[in-house]
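Text of the file structure22.pdb, holding PDB, C-alpha atoms:
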ATOM      1  CA  MET N   6       0.000   0.000   0.000
ATOM      2  CA  ARG N   7       1.239   3.493  -0.810
ATOM      3  CA  VAL N   8       0.141   6.762   0.754
ATOM      4  CA  GLU N   9       1.236  10.087  -0.684
ATOM      5  CA  ALA N  10       1.014  13.479   0.964
ATOM      6  CA  ASN N  11       1.790  16.806  -0.685
ATOM      7  CA  ASN N  12       2.015  20.370   0.531
ATOM      8  CA  ALA N  13       3.643  23.597  -0.575
ATOM      9  CA  TYR N  14       6.984  22.687   0.964
ATOM     10  CA  ALA N  15       7.626  19.005   0.415
ATOM     11  CA  SER N  16       6.273  15.766  -0.892
ATOM     12  CA  VAL N  17       6.488  12.575   1.125
ATOM     13  CA  MET N  18       5.718   8.982   0.240
ATOM     14  CA  TYR N  19       5.153   6.222   2.812
ATOM     15  CA  GLN N  20       5.711   2.654   1.726
ATOM     16  CA  GLY N  21       3.811   0.047   3.749
ATOM     17  CA  TYR N  22       5.681  -2.964   5.123
ATOM     18  CA  ALA N  23       4.948  -5.930   7.382
ATOM     19  CA  ALA N  24       4.620  -4.858  11.003
ATOM     20  CA  ASN N  25       5.250  -7.062  13.999
ATOM     21  CA  LYS N  26       2.490  -5.588  16.158
ATOM     22  CA  ARG N  27      -0.509  -6.597  14.037
ATOM     23  CA  VAL N  28      -1.146  -3.072  12.768
ATOM     24  CA  PRO N  29      -0.036  -1.300   9.585
ATOM     25  CA  ASN N  30       3.274   0.479   9.859
ATOM     26  CA  PHE N  31       4.922   2.890   7.435
ATOM     27  CA  ALA N  32       8.498   3.750   6.645
ATOM     28  CA  PRO N  33       8.935   7.366   5.503
ATOM     29  CA  GLN N  34      11.015   7.621   2.343
ATOM     30  CA  ASP N  35      11.659  11.339   2.601
ATOM     31  CA  SER N  36      14.608  12.422   4.764
ATOM     32  CA  LEU N  37      12.904  15.653   5.832
ATOM     33  CA  TYR N  38      10.020  13.738   7.320
ATOM     34  CA  GLN N  39      12.294  11.076   8.752
ATOM     35  CA  GLU N  40      13.949  13.748  10.856
ATOM     36  CA  SER N  41      10.660  15.306  11.937
ATOM     37  CA  LEU N  42       9.332  11.933  13.081
ATOM     38  CA  LYS N  43      12.269  11.622  15.495
ATOM     39  CA  ASP N  44      10.884  14.580  17.436
ATOM     40  CA  GLU N  45       9.526  12.934  20.615
ATOM     41  CA  SER N  46       7.125  15.825  21.208
ATOM     42  CA  LYS N  47       5.243  14.743  18.060
ATOM     43  CA  GLN N  48       5.122  11.044  18.865
ATOM     44  CA  LEU N  49       2.178   9.256  20.433
ATOM     45  CA  LYS N  50       2.864   8.281  24.028
ATOM     46  CA  ASN N  51       2.042   4.987  25.738
ATOM     47  CA  VAL N  52       0.474   3.377  22.674
ATOM     48  CA  TYR N  53       0.314  -0.433  22.631
ATOM     49  CA  HIS N  54      -1.198  -2.704  20.007
ATOM     50  CA  ASP N  55      -0.654  -6.316  21.051
ATOM     51  CA  PHE N  56      -2.638  -8.085  23.778
ATOM     52  CA  SER N  57       0.593  -9.647  25.070
ATOM     53  CA  GLN N  58       1.692  -6.151  26.030
ATOM     54  CA  PHE N  59      -0.989  -6.063  28.721
ATOM     55  CA  ASN N  60       0.390  -9.092  30.578
ATOM     56  CA  PRO N  61       2.717  -7.743  33.301
ATOM     57  CA  MET N  62       4.651 -11.028  33.411
ATOM     58  CA  ASN N  63       6.004 -10.280  29.929
ATOM     59  CA  PHE N  64       7.930  -7.284  31.240
ATOM     60  CA  LEU N  65       9.583  -8.662  34.367
ATOM     61  CA  GLY N  66      13.282  -9.443  34.533
ATOM     62  CA  THR N  67      14.497  -7.032  31.864
ATOM     63  CA  ALA N  68      16.936  -4.313  32.884
ATOM     64  CA  TYR N  69      15.500  -1.006  34.028
ATOM     65  CA  ILE N  70      16.201   1.892  31.705
ATOM     66  CA  ARG N  71      16.895   5.413  32.898
ATOM     67  CA  SER N  72      13.990   7.780  32.399
ATOM     68  CA  LYS N  73      14.902  10.597  30.013
ATOM     69  CA  ILE N  74      12.876  13.120  31.999
ATOM     70  CA  MET N  75      14.147  12.233  35.466
ATOM     71  CA  GLU N  76      16.913  14.843  35.634
ATOM     72  CA  SER N  77      14.539  17.724  34.947
ATOM     73  CA  SER N  78      12.207  16.759  37.802
ATOM     74  CA  GLN N  79      14.681  16.113  40.612
ATOM     75  CA  SER N  80      13.838  19.449  42.222
ATOM     76  CA  GLN N  81      10.086  18.812  42.066
ATOM     77  CA  GLU N  82       8.181  18.558  45.318
ATOM     78  CA  ASN N  83       6.451  15.291  46.137
ATOM     79  CA  SER N  84       8.824  13.251  43.993
ATOM     80  CA  ILE N  85      10.882  10.087  44.317
ATOM     81  CA  ASN N  86      13.548   8.500  42.133
ATOM     82  CA  LEU N  87      13.645   4.707  42.028
ATOM     83  CA  THR N  88      16.944   3.821  40.366
ATOM     84  CA  PRO N  89      19.409   0.923  40.722
ATOM     85  CA  GLY N  90      21.281   1.157  44.011
ATOM     86  CA  THR N  91      18.489   3.007  45.833
ATOM     87  CA  THR N  92      17.312   1.661  49.203
ATOM     88  CA  LEU N  93      14.122   2.802  50.920
ATOM     89  CA  SER N  94      12.282   1.926  54.113
ATOM     90  CA  LEU N  95       8.763   0.512  54.078
ATOM     91  CA  GLY N  96       8.396   0.981  57.813
ATOM     92  CA  GLU N  97       9.621  -0.496  61.067
ATOM     93  CA  TYR N  98       8.419  -3.834  62.412
ATOM     94  CA  SER N  99       9.563  -5.211  65.773
ATOM     95  CA  GLY N 100      12.415  -2.731  65.890
ATOM     96  CA  GLN N 101      13.814  -3.326  62.393
ATOM     97  CA  ASP N 102      13.099  -1.620  59.082
ATOM     98  CA  VAL N 103      11.760  -3.417  56.046
ATOM     99  CA  ILE N 104      14.145  -2.282  53.313
ATOM    100  CA  LEU N 105      13.274  -2.129  49.626
ATOM    101  CA  SER N 106      16.365  -2.304  47.408
ATOM    102  CA  ILE N 107      16.295  -1.377  43.718
ATOM    103  CA  GLY N 108      18.512  -3.608  41.582
ATOM    104  CA  ASP N 109      19.367  -3.438  37.894
ATOM    105  CA  SER N 110      16.319  -5.432  36.788
ATOM    106  CA  SER N 111      14.241  -6.172  39.893
ATOM    107  CA  VAL N 112      13.492  -5.113  43.447
ATOM    108  CA  SER N 113      14.322  -7.074  46.589
ATOM    109  CA  MET N 114      13.305  -6.782  50.221
ATOM    110  CA  SER N 115      14.738  -7.543  53.632
ATOM    111  CA  TRP N 116      13.741  -7.221  57.264
ATOM    112  CA  GLY N 117      16.966  -6.138  58.884
ATOM    113  CA  SER N 118      19.515  -8.562  57.428
ATOM    114  CA  ASN N 119      16.910 -11.243  56.680
ATOM    115  CA  PRO N 120      15.758 -11.517  53.049
ATOM    116  CA  ILE N 121      12.004 -11.677  52.528
ATOM    117  CA  GLY N 122       9.711 -12.262  49.568
ATOM    118  CA  SER N 123      11.416 -13.160  46.302
ATOM    119  CA  ALA N 124      14.833 -12.421  47.847
ATOM    120  CA  TYR N 125      14.274 -15.192  50.410
ATOM    121  CA  VAL N 126      13.102 -17.631  47.721
ATOM    122  CA  LYS N 127      16.186 -16.842  45.627
ATOM    123  CA  LYS N 128      18.555 -17.368  48.568
ATOM    124  CA  PHE N 129      16.847 -20.638  49.550
ATOM    125  CA  ASN N 130      17.047 -22.003  45.996
ATOM    126  CA  GLU N 131      20.678 -20.949  45.657
ATOM    127  CA  THR N 132      21.460 -22.824  48.876
ATOM    128  CA  ILE N 133      19.839 -25.997  47.512
ATOM    129  CA  ASN N 134      21.731 -25.707  44.218
ATOM    130  CA  ARG N 135      25.001 -25.220  46.083
ATOM    131  CA  MET N 136      24.355 -28.294  48.219
ATOM    132  CA  LEU N 137      23.478 -30.439  45.200
ATOM    133  CA  ASN N 138      26.308 -29.084  43.086
ATOM    134  CA  GLY N 139      23.995 -28.936  40.069
ATOM    135  CA  GLN N 140      22.494 -32.439  40.361
ATOM    136  CA  ARG N 141      19.113 -32.712  38.593
ATOM    137  CA  ASP N 142      16.506 -35.441  38.225
ATOM    138  CA  GLU N 143      15.172 -36.689  34.872
ATOM    139  CA  ASN N 144      12.869 -33.651  34.659
ATOM    140  CA  GLY N 145      15.691 -31.173  35.131
ATOM    141  CA  ILE N 146      14.570 -30.312  38.675
ATOM    142  CA  PRO N 147      17.052 -30.204  41.579
ATOM    143  CA  ASP N 148      17.170 -33.763  42.924
ATOM    144  CA  LEU N 149      16.309 -33.286  46.598
ATOM    145  CA  SER N 150      16.693 -37.020  47.205
ATOM    146  CA  LYS N 151      20.459 -36.470  46.959
ATOM    147  CA  LEU N 152      20.527 -34.173  49.980
ATOM    148  CA  THR N 153      22.229 -35.519  53.077
ATOM    149  CA  ARG N 154      20.507 -35.594  56.452
ATOM    150  CA  GLU N 155      22.717 -32.725  57.595
ATOM    151  CA  GLN N 156      21.793 -30.649  54.548
ATOM    152  CA  VAL N 157      18.076 -31.260  55.101
ATOM    153  CA  ALA N 158      18.510 -30.121  58.706
ATOM    154  CA  GLU N 159      20.290 -26.967  57.506
ATOM    155  CA  LEU N 160      17.472 -26.161  55.091
ATOM    156  CA  ARG N 161      14.898 -26.713  57.802
ATOM    157  CA  GLU N 162      16.806 -24.285  60.022
ATOM    158  CA  ILE N 163      16.659 -21.666  57.251
ATOM    159  CA  GLU N 164      12.918 -22.237  56.941
ATOM    160  CA  ARG N 165      12.422 -21.843  60.697
ATOM    161  CA  GLY N 166      14.365 -18.591  60.591
ATOM    162  CA  HIS N 167      12.079 -17.323  57.847
ATOM    163  CA  GLU N 168       8.981 -18.375  59.787
ATOM    164  CA  TRP N 169      10.307 -16.434  62.795
ATOM    165  CA  THR N 170      10.824 -13.372  60.573
ATOM    166  CA  ILE N 171       7.218 -13.618  59.383
ATOM    167  CA  MET N 172       5.956 -13.682  62.965
ATOM    168  CA  GLN N 173       8.147 -10.717  63.916
ATOM    169  CA  MET N 174       6.649  -8.740  61.046
ATOM    170  CA  GLY N 175       3.127  -9.310  62.325
ATOM    171  CA  GLY N 176       2.128 -12.695  60.971
ATOM    172  CA  VAL N 177       1.454 -14.233  57.589
ATOM    173  CA  GLU N 178      -1.263 -11.801  56.480
ATOM    174  CA  GLN N 179       0.768  -8.686  57.228
ATOM    175  CA  TYR N 180       3.939 -10.237  55.811
ATOM    176  CA  GLU N 181       2.162 -11.002  52.532
ATOM    177  CA  SER N 182       0.738  -7.481  52.370
ATOM    178  CA  ILE N 183       4.180  -5.907  52.866
ATOM    179  CA  ARG N 184       5.760  -8.301  50.372
ATOM    180  CA  ARG N 185       3.226  -7.434  47.693
ATOM    181  CA  ILE N 186       3.572  -3.707  48.383
ATOM    182  CA  GLY N 187       7.333  -3.881  47.922
ATOM    183  CA  GLU N 188       7.256  -6.065  44.837
ATOM    184  CA  SER N 189       4.623  -3.812  43.216
ATOM    185  CA  PHE N 190       7.376  -1.227  42.837
ATOM    186  CA  ASP N 191       8.918  -3.293  40.047
ATOM    187  CA  HIS N 192       5.788  -2.492  38.024
ATOM    188  CA  LEU N 193       5.805   1.162  39.094
ATOM    189  CA  ILE N 194       9.429   1.615  38.003
ATOM    190  CA  ARG N 195       8.743   0.111  34.577
ATOM    191  CA  ILE N 196       5.664   2.276  34.043
ATOM    192  CA  ALA N 197       7.505   5.426  35.125
ATOM    193  CA  ASN N 198      10.403   4.584  32.789
ATOM    194  CA  GLY N 199       8.096   3.847  29.842
ATOM    195  CA  GLN N 200       8.886   0.114  29.813
ATOM    196  CA  MET N 201       5.414  -1.188  30.602
ATOM    197  CA  PRO N 202       1.833  -0.055  29.830
ATOM    198  CA  MET N 203      -0.316   1.376  32.595
ATOM    199  CA  ALA N 204      -3.217  -0.790  31.387
ATOM    200  CA  SER N 205      -1.404  -3.950  32.514
ATOM    201  CA  LEU N 206      -1.984  -3.046  36.173
ATOM    202  CA  SER N 207      -4.876  -4.447  38.198
ATOM    203  CA  PRO N 208      -6.880  -2.468  40.788
ATOM    204  CA  ASP N 209      -5.120  -4.481  43.496
ATOM    205  CA  MET N 210      -1.754  -3.372  42.115
ATOM    206  CA  TYR N 211      -2.891   0.271  42.214
ATOM    207  CA  GLU N 212      -3.700  -0.209  45.883
ATOM    208  CA  LYS N 213      -0.309  -1.760  46.686
ATOM    209  CA  ILE N 214       1.614   0.946  44.830
ATOM    210  CA  LYS N 215      -0.342   3.660  46.629
ATOM    211  CA  ALA N 216       0.281   2.053  50.015
ATOM    212  CA  GLY N 217       4.007   1.815  49.298
ATOM    213  CA  LEU N 218       4.284   5.433  48.194
ATOM    214  CA  ASP N 219       2.395   6.538  51.303
ATOM    215  CA  LYS N 220       4.890   4.620  53.460
ATOM    216  CA  MET N 221       7.742   6.435  51.705
ATOM    217  CA  GLY N 222       6.313   9.864  52.466
ATOM    218  CA  ILE N 223       4.766  10.643  49.084
ATOM    219  CA  ASP N 224       1.469  12.530  49.322
ATOM    220  CA  THR N 225      -0.715  10.480  46.977
ATOM    221  CA  SER N 226      -3.697  12.799  47.465
ATOM    222  CA  LYS N 227      -2.122  15.148  44.913
ATOM    223  CA  PRO N 228       0.063  14.768  41.799
ATOM    224  CA  PHE N 229       3.505  13.263  42.392
ATOM    225  CA  TYR N 230       6.583  12.292  40.384
ATOM    226  CA  VAL N 231       8.325   8.932  40.031
ATOM    227  CA  ASN N 232      11.572   8.964  38.017
ATOM    228  CA  GLY N 233      10.461  12.241  36.480
ATOM    229  CA  GLN N 234       7.059  10.976  35.334
ATOM    230  CA  LYS N 235       4.066  12.806  36.786
ATOM    231  CA  PHE N 236       1.241  10.662  38.174
ATOM    232  CA  THR N 237      -1.976  11.026  40.086
ATOM    233  CA  PHE N 238      -4.478   8.696  41.730
ATOM    234  CA  THR N 239      -8.120   9.103  40.756
ATOM    235  CA  GLU N 240     -10.919   9.248  43.311
ATOM    236  CA  GLY N 241     -11.490   5.573  42.580
ATOM    237  CA  GLY N 242      -7.864   4.744  43.395
ATOM    238  CA  ALA N 243      -6.588   4.163  39.849
ATOM    239  CA  LEU N 244      -3.063   5.276  38.937
ATOM    240  CA  ARG N 245      -2.983   7.669  35.991
ATOM    241  CA  TYR N 246      -0.477   9.837  34.148
ATOM    242  CA  SER N 247      -0.879  13.507  34.985
ATOM    243  CA  GLU N 248      -0.254  16.515  32.772
TER     244      GLU N 248
END
Give the structure from the file, written as structure tokens.
Amino acid sequence: MRVEANNAYASVMYQGYAANKRVPNFAPQDSLYQESLKDESKQLKNVYHDFSQFNPMNFLGTAYIRSKIMESSQSQENSINLTPGTTLSLGEYSGQDVILSIGDSSVSMSWGSNPIGSAYVKKFNETINRMLNGQRDENGIPDLSKLTREQVAELREIERGHEWTIMQMGGVEQYESIRRIGESFDHLIRIANGQMPMASLSPDMYEKIKAGLDKMGIDTSKPFYVNGQKFTFTEGGALRYSE
């Protein structure tokens, strides 16, 4: 398909080609228009075309990018920057802070020096793999039958330590709430950086993000900034971009 546009200053021709997002796409053949299309102020923002782009699991694990607008908003009131290397408190429980740490491609949490949430699961699995020295069963799963009695006892001790941490944080229900609040920030970072569509979030995720920002001192009753991106919460509790 060919589309031609003419005006008093230039003529441009767009040649259609196969797109990978199930919608027509066009490649400008005129250098003048090629340059103008690079102007970000003229580009559509936050436009997604494929249903897979609304599944949050498709975005996890990739490296965080640095928001292009973050530098210009560092002096803004009611703002927070969530970048690799940043650590923040989600509150104190039984005398120790729950710390949220921003990595290169994910967030992790700890209560004092004790990992919680996905950080605990990662440490536990790494311990098993170290004990087994890479041994797998026929399905490619770590072969727990190869563990010695002493190793099983060590793993059970790690589990008991984690159970104690959960109780110190207020019990299973509160632990799960805090864990989900912290891990919701992975989604918030990606949305603020333009790596994930807002529409992929559920109402429950809005609630967790809001609770986490409140714990960090952000006033969510008015517009706020995350990594330079301006947001607001609607009266119904939905997270939205703000002008």
- Query: If we count all atoms listed in the file, what is near Ser110 in chain N at a cut-off of 9 Å, once residues fewer than 3 positions away on the same chain are taken out, given as a VMD selection string?
  - Reply: chain N and resid 65 to 70 89 107 191
Is it possible to get the axis-aligned box enclosing range 142-161 of chain N (all listed atoms, 4 Å extra per side) as AutoDock Vina command-line options, with centre and edge lengths in Å rounded to one decimal?
--center_x 17.8 --center_y -31.6 --center_z 46.7 --size_x 17.8 --size_y 18.9 --size_z 32.0
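Using only C-alpha atoms, the shortest contact distance between Gln173 in chain N and any of N:Pro202, N:Gly100, N:Pro120, N:Pro147 is found at N:Gly100.
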Exercise for the section: Just say which residues the PyMOL selection byres ((chain N and resi 195) around 12) picks in this file, as a PyMOL selection string. Expected result: chain N and resi 61-72+87-88+107+109-112+189-194+196-203+205-206+231-232+234
Deliver the residues from the most recent selection as a file, using C-alpha atoms, as an mmCIF file, in the frame of the given file.
data_model
loop_
_atom_site.group_PDB
_atom_site.id
_atom_site.type_symbol
_atom_site.label_atom_id
_atom_site.label_comp_id
_atom_site.auth_asym_id
_atom_site.auth_seq_id
_atom_site.Cartn_x
_atom_site.Cartn_y
_atom_site.Cartn_z
ATOM 1 C CA PRO N 61 2.717 -7.743 33.301
ATOM 2 C CA MET N 62 4.651 -11.028 33.411
ATOM 3 C CA ASN N 63 6.004 -10.280 29.929
ATOM 4 C CA PHE N 64 7.930 -7.284 31.240
ATOM 5 C CA LEU N 65 9.583 -8.662 34.367
ATOM 6 C CA GLY N 66 13.282 -9.443 34.533
ATOM 7 C CA THR N 67 14.497 -7.032 31.864
ATOM 8 C CA ALA N 68 16.936 -4.313 32.884
ATOM 9 C CA TYR N 69 15.500 -1.006 34.028
ATOM 10 C CA ILE N 70 16.201 1.892 31.705
ATOM 11 C CA ARG N 71 16.895 5.413 32.898
ATOM 12 C CA SER N 72 13.990 7.780 32.399
ATOM 13 C CA LEU N 87 13.645 4.707 42.028
ATOM 14 C CA THR N 88 16.944 3.821 40.366
ATOM 15 C CA ILE N 107 16.295 -1.377 43.718
ATOM 16 C CA ASP N 109 19.367 -3.438 37.894
ATOM 17 C CA SER N 110 16.319 -5.432 36.788
ATOM 18 C CA SER N 111 14.241 -6.172 39.893
ATOM 19 C CA VAL N 112 13.492 -5.113 43.447
ATOM 20 C CA SER N 189 4.623 -3.812 43.216
ATOM 21 C CA PHE N 190 7.376 -1.227 42.837
ATOM 22 C CA ASP N 191 8.918 -3.293 40.047
ATOM 23 C CA HIS N 192 5.788 -2.492 38.024
ATOM 24 C CA LEU N 193 5.805 1.162 39.094
ATOM 25 C CA ILE N 194 9.429 1.615 38.003
ATOM 26 C CA ILE N 196 5.664 2.276 34.043
ATOM 27 C CA ALA N 197 7.505 5.426 35.125
ATOM 28 C CA ASN N 198 10.403 4.584 32.789
ATOM 29 C CA GLY N 199 8.096 3.847 29.842
ATOM 30 C CA GLN N 200 8.886 0.114 29.813
ATOM 31 C CA MET N 201 5.414 -1.188 30.602
ATOM 32 C CA PRO N 202 1.833 -0.055 29.830
ATOM 33 C CA MET N 203 -0.316 1.376 32.595
ATOM 34 C CA SER N 205 -1.404 -3.950 32.514
ATOM 35 C CA LEU N 206 -1.984 -3.046 36.173
ATOM 36 C CA VAL N 231 8.325 8.932 40.031
ATOM 37 C CA ASN N 232 11.572 8.964 38.017
ATOM 38 C CA GLN N 234 7.059 10.976 35.334
#
| query | So how far away is CA of Ile186 in chain N from CA of Gly166 in chain N, in Å? | reply |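 CA of Ile186 in chain N lies 22.1 Å from CA of Gly166 in chain N.
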Completion step: range 169-196 of chain N with N, CA and C atoms as a short mmCIF file (atom, residue, chain, number, x, y, z; two decimals), in the coordinates of the input:
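Result went into part_17.cif, see below:
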data_model
loop_
_atom_site.label_atom_id
_atom_site.label_comp_id
_atom_site.auth_asym_id
_atom_site.auth_seq_id
_atom_site.Cartn_x
_atom_site.Cartn_y
_atom_site.Cartn_z
N TRP N 169 10.15 -17.36 61.67
CA TRP N 169 10.31 -16.43 62.80
C TRP N 169 10.24 -14.99 62.30
N THR N 170 10.87 -14.71 61.16
CA THR N 170 10.82 -13.37 60.57
C THR N 170 9.39 -12.97 60.27
N ILE N 171 8.62 -13.90 59.71
CA ILE N 171 7.22 -13.62 59.38
C ILE N 171 6.44 -13.24 60.64
N MET N 172 6.66 -13.97 61.72
CA MET N 172 5.96 -13.68 62.96
C MET N 172 6.38 -12.32 63.52
N GLN N 173 7.66 -12.00 63.42
CA GLN N 173 8.15 -10.72 63.92
C GLN N 173 7.57 -9.54 63.12
N MET N 174 7.22 -9.80 61.89
CA MET N 174 6.65 -8.74 61.05
C MET N 174 5.14 -8.62 61.20
N GLY N 175 4.55 -9.44 62.06
CA GLY N 175 3.13 -9.31 62.32
C GLY N 175 2.27 -10.47 61.87
N GLY N 176 2.90 -11.54 61.41
CA GLY N 176 2.13 -12.70 60.97
C GLY N 176 2.04 -12.80 59.46
N VAL N 177 1.48 -13.92 59.02
CA VAL N 177 1.45 -14.23 57.59
C VAL N 177 0.71 -13.18 56.78
N GLU N 178 -0.45 -12.75 57.25
CA GLU N 178 -1.26 -11.80 56.48
C GLU N 178 -0.53 -10.48 56.28
N GLN N 179 0.06 -9.96 57.35
CA GLN N 179 0.77 -8.69 57.23
C GLN N 179 2.04 -8.86 56.41
N TYR N 180 2.73 -9.96 56.60
CA TYR N 180 3.94 -10.24 55.81
C TYR N 180 3.61 -10.24 54.32
N GLU N 181 2.54 -10.93 53.94
CA GLU N 181 2.16 -11.00 52.53
C GLU N 181 1.78 -9.63 51.99
N SER N 182 1.11 -8.83 52.81
CA SER N 182 0.74 -7.48 52.37
C SER N 182 1.98 -6.63 52.11
N ILE N 183 2.94 -6.68 53.03
CA ILE N 183 4.18 -5.91 52.87
C ILE N 183 4.97 -6.41 51.66
N ARG N 184 5.03 -7.73 51.51
CA ARG N 184 5.76 -8.30 50.37
C ARG N 184 5.18 -7.81 49.05
N ARG N 185 3.87 -7.84 48.94
CA ARG N 185 3.23 -7.43 47.69
C ARG N 185 3.36 -5.93 47.45
N ILE N 186 3.35 -5.15 48.52
CA ILE N 186 3.57 -3.71 48.38
C ILE N 186 4.96 -3.46 47.80
N GLY N 187 5.97 -4.09 48.39
CA GLY N 187 7.33 -3.88 47.92
C GLY N 187 7.53 -4.33 46.49
N GLU N 188 7.03 -5.52 46.17
CA GLU N 188 7.26 -6.06 44.84
C GLU N 188 6.42 -5.36 43.77
N SER N 189 5.39 -4.60 44.19
CA SER N 189 4.62 -3.81 43.22
C SER N 189 5.47 -2.68 42.63
N PHE N 190 6.54 -2.33 43.32
CA PHE N 190 7.38 -1.23 42.84
C PHE N 190 8.14 -1.60 41.57
N ASP N 191 8.31 -2.89 41.32
CA ASP N 191 8.92 -3.29 40.05
C ASP N 191 8.04 -2.82 38.89
N HIS N 192 6.73 -2.95 39.04
CA HIS N 192 5.79 -2.49 38.02
C HIS N 192 5.80 -0.96 37.93
N LEU N 193 5.81 -0.30 39.08
CA LEU N 193 5.80 1.16 39.09
C LEU N 193 7.03 1.72 38.38
N ILE N 194 8.20 1.14 38.65
CA ILE N 194 9.43 1.62 38.00
C ILE N 194 9.32 1.48 36.49
N ARG N 195 8.83 0.34 36.02
CA ARG N 195 8.74 0.11 34.58
C ARG N 195 7.74 1.06 33.91
N ILE N 196 6.65 1.34 34.59
CA ILE N 196 5.66 2.28 34.04
C ILE N 196 6.24 3.69 34.01
#
